[in-house]
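Participant: My file is my_file-v6.pdb. It has PDB, C-alpha atoms:
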ATOM      1  CA  MET G 255       9.415  -7.044  35.848  1.00  0.00           C
ATOM      2  CA  PRO G 256       8.189 -10.478  37.006  1.00  0.00           C
ATOM      3  CA  LYS G 257       7.254 -11.056  40.630  1.00  0.00           C
ATOM      4  CA  LEU G 258       9.453 -13.572  42.425  1.00  0.00           C
ATOM      5  CA  MET G 259       8.950 -15.429  45.662  1.00  0.00           C
ATOM      6  CA  THR G 260      11.140 -17.659  47.736  1.00  0.00           C
ATOM      7  CA  ILE G 261      10.026 -21.085  48.903  1.00  0.00           C
ATOM      8  CA  THR G 262      11.933 -22.536  51.833  1.00  0.00           C
ATOM      9  CA  LEU G 263      12.113 -25.808  53.696  1.00  0.00           C
ATOM     10  CA  GLU G 264      13.120 -24.143  56.934  1.00  0.00           C
ATOM     11  CA  ARG G 265      14.677 -26.978  58.956  1.00  0.00           C
ATOM     12  CA  ARG G 266      16.631 -28.269  55.982  1.00  0.00           C
ATOM     13  CA  GLY G 267      17.817 -24.737  55.123  1.00  0.00           C
ATOM     14  CA  VAL G 268      16.962 -25.026  51.434  1.00  0.00           C
ATOM     15  CA  THR G 269      15.388 -22.216  49.403  1.00  0.00           C
ATOM     16  CA  CYS G 270      14.349 -21.952  45.784  1.00  0.00           C
ATOM     17  CA  VAL G 271      12.971 -19.022  43.779  1.00  0.00           C
ATOM     18  CA  ALA G 272       9.708 -19.117  41.829  1.00  0.00           C
ATOM     19  CA  GLU G 273       8.357 -16.680  39.271  1.00  0.00           C
ATOM     20  CA  LEU G 274       4.657 -15.890  39.440  1.00  0.00           C
ATOM     21  CA  LEU G 275       2.724 -16.664  36.250  1.00  0.00           C
ATOM     22  CA  GLU G 276       0.631 -13.500  36.279  1.00  0.00           C
ATOM     23  CA  LYS G 277      -0.568 -13.846  32.666  1.00  0.00           C
ATOM     24  CA  ASP G 278      -1.740 -17.440  33.162  1.00  0.00           C
ATOM     25  CA  ALA G 279      -3.171 -17.230  36.695  1.00  0.00           C
ATOM     26  CA  PRO G 280      -3.733 -13.550  37.521  1.00  0.00           C
ATOM     27  CA  ARG G 281      -6.343 -14.022  40.286  1.00  0.00           C
ATOM     28  CA  THR G 282      -4.328 -16.707  42.047  1.00  0.00           C
ATOM     29  CA  CYS G 283      -1.090 -14.719  41.777  1.00  0.00           C
ATOM     30  CA  GLU G 284      -2.735 -11.605  43.181  1.00  0.00           C
ATOM     31  CA  ALA G 285      -4.319 -13.471  46.104  1.00  0.00           C
ATOM     32  CA  VAL G 286      -1.099 -15.255  47.049  1.00  0.00           C
ATOM     33  CA  TRP G 287       1.139 -12.213  46.524  1.00  0.00           C
ATOM     34  CA  ASN G 288      -1.052 -10.038  48.725  1.00  0.00           C
ATOM     35  CA  ALA G 289      -1.052 -12.670  51.478  1.00  0.00           C
ATOM     36  CA  LEU G 290       2.716 -13.332  51.583  1.00  0.00           C
ATOM     37  CA  PRO G 291       4.466 -14.381  53.738  1.00  0.00           C
ATOM     38  CA  LEU G 292       2.663 -17.700  54.189  1.00  0.00           C
ATOM     39  CA  GLY G 293       3.685 -21.054  55.547  1.00  0.00           C
ATOM     40  CA  GLY G 294       3.183 -23.869  57.949  1.00  0.00           C
ATOM     41  CA  GLU G 295       4.020 -27.468  58.645  1.00  0.00           C
ATOM     42  CA  ALA G 296       5.424 -29.310  55.628  1.00  0.00           C
ATOM     43  CA  TYR G 297       3.905 -32.561  54.430  1.00  0.00           C
ATOM     44  CA  HIS G 298       4.843 -34.949  51.647  1.00  0.00           C
ATOM     45  CA  ALA G 299       1.969 -36.147  49.476  1.00  0.00           C
ATOM     46  CA  LYS G 300       0.751 -39.728  49.713  1.00  0.00           C
ATOM     47  CA  TYR G 301      -1.013 -40.012  46.357  1.00  0.00           C
ATOM     48  CA  ALA G 302       0.182 -37.228  44.063  1.00  0.00           C
ATOM     49  CA  ARG G 303       3.768 -38.550  44.178  1.00  0.00           C
ATOM     50  CA  ASN G 304       6.484 -35.845  44.112  1.00  0.00           C
ATOM     51  CA  GLU G 305       4.754 -33.097  46.073  1.00  0.00           C
ATOM     52  CA  VAL G 306       5.538 -31.219  49.267  1.00  0.00           C
ATOM     53  CA  TYR G 307       2.848 -28.906  50.606  1.00  0.00           C
ATOM     54  CA  THR G 308       1.544 -26.896  53.503  1.00  0.00           C
ATOM     55  CA  MET G 309      -2.003 -25.976  54.406  1.00  0.00           C
ATOM     56  CA  VAL G 310      -2.920 -22.464  55.502  1.00  0.00           C
ATOM     57  CA  GLU G 311      -6.091 -20.669  56.471  1.00  0.00           C
ATOM     58  CA  ARG G 312      -8.019 -19.034  53.668  1.00  0.00           C
ATOM     59  CA  PHE G 313      -6.474 -15.629  53.029  1.00  0.00           C
ATOM     60  CA  SER G 314      -8.775 -14.089  50.441  1.00  0.00           C
ATOM     61  CA  ASP G 315     -12.366 -12.940  50.798  1.00  0.00           C
ATOM     62  CA  ASP G 316     -13.124 -14.096  47.265  1.00  0.00           C
ATOM     63  CA  GLU G 317     -12.475 -17.618  46.005  1.00  0.00           C
ATOM     64  CA  VAL G 318     -10.141 -17.362  43.009  1.00  0.00           C
ATOM     65  CA  GLY G 319     -11.670 -20.345  41.192  1.00  0.00           C
ATOM     66  CA  LEU G 320      -9.864 -22.478  38.655  1.00  0.00           C
ATOM     67  CA  GLU G 321      -7.329 -20.869  36.341  1.00  0.00           C
ATOM     68  CA  ASN G 322      -4.382 -22.476  34.606  1.00  0.00           C
ATOM     69  CA  PRO G 323      -5.489 -25.798  36.137  1.00  0.00           C
ATOM     70  CA  THR G 324      -3.679 -29.109  35.962  1.00  0.00           C
ATOM     71  CA  VAL G 325      -4.032 -32.664  37.225  1.00  0.00           C
ATOM     72  CA  THR G 326      -0.556 -33.583  35.920  1.00  0.00           C
ATOM     73  CA  PRO G 327       1.904 -31.082  37.445  1.00  0.00           C
ATOM     74  CA  ILE G 328       5.497 -31.139  36.246  1.00  0.00           C
ATOM     75  CA  PRO G 329       8.745 -30.537  38.154  1.00  0.00           C
ATOM     76  CA  GLY G 330       8.946 -26.907  39.250  1.00  0.00           C
ATOM     77  CA  ASP G 331       5.196 -26.277  39.251  1.00  0.00           C
ATOM     78  CA  VAL G 332       3.912 -24.275  42.234  1.00  0.00           C
ATOM     79  CA  VAL G 333       0.246 -25.068  42.715  1.00  0.00           C
ATOM     80  CA  TYR G 334      -2.673 -23.614  44.689  1.00  0.00           C
ATOM     81  CA  PHE G 335      -5.579 -25.763  45.844  1.00  0.00           C
ATOM     82  CA  SER G 336      -8.676 -24.587  47.685  1.00  0.00           C
ATOM     83  CA  PHE G 337     -10.510 -27.146  49.796  1.00  0.00           C
ATOM     84  CA  PRO G 338     -13.868 -26.455  51.429  1.00  0.00           C
ATOM     85  CA  GLY G 339     -14.110 -27.941  54.896  1.00  0.00           C
ATOM     86  CA  GLY G 340     -16.481 -30.723  53.875  1.00  0.00           C
ATOM     87  CA  MET G 341     -14.164 -32.020  51.167  1.00  0.00           C
ATOM     88  CA  LEU G 342     -11.416 -33.208  53.489  1.00  0.00           C
ATOM     89  CA  ASP G 343     -11.590 -36.376  55.546  1.00  0.00           C
ATOM     90  CA  ARG G 344     -12.189 -35.855  59.294  1.00  0.00           C
ATOM     91  CA  LYS G 345      -9.103 -37.840  60.342  1.00  0.00           C
ATOM     92  CA  PHE G 346      -6.925 -35.971  57.828  1.00  0.00           C
ATOM     93  CA  LYS G 347      -8.151 -32.622  59.205  1.00  0.00           C
ATOM     94  CA  GLU G 348      -7.513 -33.705  62.792  1.00  0.00           C
ATOM     95  CA  GLU G 349      -3.992 -34.961  61.972  1.00  0.00           C
ATOM     96  CA  LYS G 350      -3.137 -31.600  60.434  1.00  0.00           C
ATOM     97  CA  ASN G 351      -4.925 -29.598  63.138  1.00  0.00           C
ATOM     98  CA  ILE G 352      -7.177 -27.874  60.609  1.00  0.00           C
ATOM     99  CA  HIS G 353     -10.438 -29.494  61.744  1.00  0.00           C
ATOM    100  CA  ALA G 354     -11.890 -26.227  63.080  1.00  0.00           C
ATOM    101  CA  LEU G 355     -11.378 -24.304  59.827  1.00  0.00           C
ATOM    102  CA  PRO G 356     -14.225 -23.881  57.299  1.00  0.00           C
ATOM    103  CA  GLY G 357     -11.756 -24.621  54.515  1.00  0.00           C
ATOM    104  CA  VAL G 358      -8.058 -24.413  53.729  1.00  0.00           C
ATOM    105  CA  ILE G 359      -5.636 -23.403  51.034  1.00  0.00           C
ATOM    106  CA  ASP G 360      -3.030 -25.985  50.068  1.00  0.00           C
ATOM    107  CA  LEU G 361       0.190 -24.479  48.696  1.00  0.00           C
ATOM    108  CA  ALA G 362       2.276 -27.132  46.966  1.00  0.00           C
ATOM    109  CA  ILE G 363       5.495 -27.556  45.046  1.00  0.00           C
ATOM    110  CA  PHE G 364       6.182 -30.413  42.673  1.00  0.00           C
ATOM    111  CA  TYR G 365       9.773 -31.560  42.386  1.00  0.00           C
ATOM    112  CA  GLY G 366       9.744 -34.637  40.164  1.00  0.00           C
ATOM    113  CA  ARG G 367       7.973 -36.265  37.235  1.00  0.00           C
ATOM    114  CA  ASN G 368       4.929 -38.532  36.916  1.00  0.00           C
ATOM    115  CA  ASN G 369       2.556 -36.707  39.255  1.00  0.00           C
ATOM    116  CA  LEU G 370      -1.163 -37.351  39.079  1.00  0.00           C
ATOM    117  CA  LEU G 371      -3.725 -35.420  41.107  1.00  0.00           C
ATOM    118  CA  LEU G 372      -6.181 -38.227  41.679  1.00  0.00           C
ATOM    119  CA  ASN G 373      -7.545 -38.816  45.177  1.00  0.00           C
ATOM    120  CA  GLY G 374      -9.283 -42.087  45.970  1.00  0.00           C
ATOM    121  CA  ASP G 375     -11.895 -40.330  48.120  1.00  0.00           C
ATOM    122  CA  VAL G 376     -12.957 -37.532  45.766  1.00  0.00           C
ATOM    123  CA  GLY G 377     -11.500 -38.224  42.306  1.00  0.00           C
ATOM    124  CA  TRP G 378      -9.606 -35.669  40.228  1.00  0.00           C
ATOM    125  CA  VAL G 379      -8.227 -32.720  42.198  1.00  0.00           C
ATOM    126  CA  PRO G 380      -7.186 -29.958  39.782  1.00  0.00           C
ATOM    127  CA  GLY G 381      -4.970 -27.207  41.101  1.00  0.00           C
ATOM    128  CA  ASN G 382      -3.962 -23.778  39.797  1.00  0.00           C
ATOM    129  CA  VAL G 383      -0.384 -23.569  38.529  1.00  0.00           C
ATOM    130  CA  TYR G 384       0.457 -20.012  39.533  1.00  0.00           C
ATOM    131  CA  ALA G 385       4.262 -20.037  39.630  1.00  0.00           C
ATOM    132  CA  THR G 386       7.245 -21.958  38.359  1.00  0.00           C
ATOM    133  CA  ILE G 387      10.540 -22.578  40.131  1.00  0.00           C
ATOM    134  CA  VAL G 388      13.257 -20.744  38.197  1.00  0.00           C
ATOM    135  CA  ASP G 389      16.235 -21.208  40.532  1.00  0.00           C
ATOM    136  CA  GLY G 390      17.194 -23.966  42.947  1.00  0.00           C
ATOM    137  CA  LEU G 391      14.884 -26.778  41.818  1.00  0.00           C
ATOM    138  CA  ASP G 392      17.667 -29.398  42.051  1.00  0.00           C
ATOM    139  CA  ARG G 393      18.510 -28.491  45.662  1.00  0.00           C
ATOM    140  CA  MET G 394      14.833 -28.286  46.583  1.00  0.00           C
ATOM    141  CA  ALA G 395      14.125 -31.658  44.941  1.00  0.00           C
ATOM    142  CA  GLU G 396      16.836 -33.290  47.058  1.00  0.00           C
ATOM    143  CA  ALA G 397      15.385 -31.724  50.211  1.00  0.00           C
ATOM    144  CA  CYS G 398      11.823 -32.731  49.258  1.00  0.00           C
ATOM    145  CA  ASN G 399      12.954 -36.288  48.633  1.00  0.00           C
ATOM    146  CA  ASP G 400      14.512 -36.230  52.099  1.00  0.00           C
ATOM    147  CA  VAL G 401      11.131 -35.195  53.518  1.00  0.00           C
ATOM    148  CA  TRP G 402       9.738 -38.343  51.828  1.00  0.00           C
ATOM    149  CA  ARG G 403      12.507 -40.624  53.103  1.00  0.00           C
ATOM    150  CA  SER G 404      13.221 -39.129  56.539  1.00  0.00           C
ATOM    151  CA  GLY G 405       9.883 -37.544  57.389  1.00  0.00           C
ATOM    152  CA  GLY G 406       8.584 -34.039  57.731  1.00  0.00           C
ATOM    153  CA  VAL G 407       8.147 -33.792  61.496  1.00  0.00           C
ATOM    154  CA  GLY G 408       9.376 -30.366  62.557  1.00  0.00           C
ATOM    155  CA  GLU G 409       9.756 -29.134  58.983  1.00  0.00           C
ATOM    156  CA  ARG G 410       8.039 -25.967  57.758  1.00  0.00           C
ATOM    157  CA  LEU G 411       7.373 -24.873  54.187  1.00  0.00           C
ATOM    158  CA  LEU G 412       7.538 -21.077  53.874  1.00  0.00           C
ATOM    159  CA  TYR G 413       6.579 -18.747  51.023  1.00  0.00           C
ATOM    160  CA  ALA G 414       7.774 -15.114  50.937  1.00  0.00           C
ATOM    161  CA  ARG G 415       8.313 -12.260  48.509  1.00  0.00           C
ATOM    162  CA  ALA G 416      11.829 -12.394  47.072  1.00  0.00           C
ATOM    163  CA  GLU G 417      14.094  -9.527  48.009  1.00  0.00           C
ATOM    164  CA  SER G 418      14.743  -7.221  45.044  1.00  0.00           C
TER     165      SER G 418
END
Would you give me this structure, written as structure tokens?

Facilitator:
Amino acid sequence: MPKLMTITLERRGVTCVAELLEKDAPRTCEAVWNALPLGGEAYHAKYARNEVYTMVERFSDDEVGLENPTVTPIPGDVVYFSFPGGMLDRKFKEEKNIHALPGVIDLAIFYGRNNLLLNGDVGWVPGNVYATIVDGLDRMAEACNDVWRSGGVGERLLYARAES
């Protein structure tokens, strides 16, 4: 039976369901699954296009490394990024109150087409596609677009195991 998790934009009251891709990204799935629930402040991407994400403290002793990587995520992709502390810009880290951490995990959802994971500061930023949204993508896409248009202040992006 596949493992499912819920992804919620808390303030907007919108939840979708994602299926973990355990055959394609087993290390990432295991690390995330064992750490659930996870979440934090929601942000909309500046460069990647149709992405909403949160950054959390590292939750695994071992770095999972790249598996099932992409730089062109599609709608419904749920992606894991690992950033060492030195990779992120000082101002960016201060804005997100993660400046004291040695590194962070970025948990992202992609809700529309034409995404490209290219950062002007560091170049290509591949991420691990470890889940796919199987229910509620349309509702979540509307809510994510509202984060883009109205702002994400006060919004939280939460990941949890789905109730059986």

Participant: As an exercise, work out the distance from CA of Leu275 in chain G to CA of Ala289 in chain G in Å and give it to one decimal place.

Facilitator: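 Computing the Euclidean distance for CA of Leu275 in chain G and CA of Ala289 in chain G yields 16.2 Å.
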
Participant: Could you tell me which residues the PyMOL selection byres ((chain G and resi 335-338) around 10) returns for this structure, as a list in words?

Facilitator: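 This file gives the following for the PyMOL selection byres ((chain G and resi 335-338) around 10): Thr282, Met309, Val310, Glu311, Arg312, Glu317, Val318, Gly319, Leu320, Pro323, Val333, Tyr334, Gly339, Gly340, Met341, Leu342, Leu355, Pro356, Gly357, Val358, Ile359, Asp360, Leu361, Ala362, Val379, Pro380, Gly381, Asn382 and Val383 of chain G.
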
Participant: So which residues touch range 258-266 of chain G within 7 Å, counting only C-alpha atoms, skipping near sequence neighbours fewer than 6 positions away, as a PyMOL selection string?

Facilitator: chain G and resi 272-274+397+409-416

Participant: Would you mind telling me which residue in G:Phe364, G:Asn399, G:Gly330, G:Val306 lies nearest to Thr386 in chain G when using only C-alpha atoms?

Facilitator: G:Gly330

Participant: Could you work out how far CA of Glu321 in chain G lies from CA of Asn288 in chain G, giving the answer in Å with one decimal?

Facilitator: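 Result for CA of Asn288 in chain G versus CA of Glu321 in chain G: 17.6 Å, one decimal.
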
Participant: Can you list, as a list in words, every protein, DNA or RNA residue that comes within 12 Å of Trp378 in chain G when you count all atoms listed in the file, leaving out same-chain residues fewer than 6 positions away?

Facilitator: Tyr301, Ala302, Pro323, Thr324, Val325, Thr326, Leu370, Leu371 and Leu372 of chain G

Participant: Excluding same-chain residues fewer than 6 positions from Trp402 in chain G, what lies within 9 Å of it counting only C-alpha atoms, as a ChimeraX atom specification?

Facilitator: /G:297-299,304,306

Participant: Counting all atoms listed in the file, figure out which residue out of G:Gly374, G:Pro256, G:Pro280, G:Gly267 gets nearest to Arg393 in chain G.

Facilitator: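 Checking each of G:Gly374, G:Pro256, G:Pro280, G:Gly267 against Arg393 in chain G, counting all atoms listed in the file, the winner is G:Gly267.
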
Participant: Rank G:Leu292, G:Ala285, G:Ala385, G:Ile328 by their smallest atom-to-atom distance to Ser314 in chain G, using all atoms listed in the file, and report the top residue only.

Facilitator: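 The closest residue to Ser314 in chain G is G:Ala285.
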
Participant: Rank nothing, just name the residue among G:Gly408, G:Gly390, G:Pro291, G:Pro329 nearest to Asn368 in chain G, using only C-alpha atoms.

Facilitator: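 Nearest candidate to Asn368 in chain G out of G:Gly408, G:Gly390, G:Pro291, G:Pro329: G:Pro329.
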
Participant: Just how far from CA of Arg367 in chain G is CA of Thr269 in chain G, in Å to one decimal?

Facilitator: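 We find that CA of Thr269 in chain G and CA of Arg367 in chain G lie 20.0 Å from each other.
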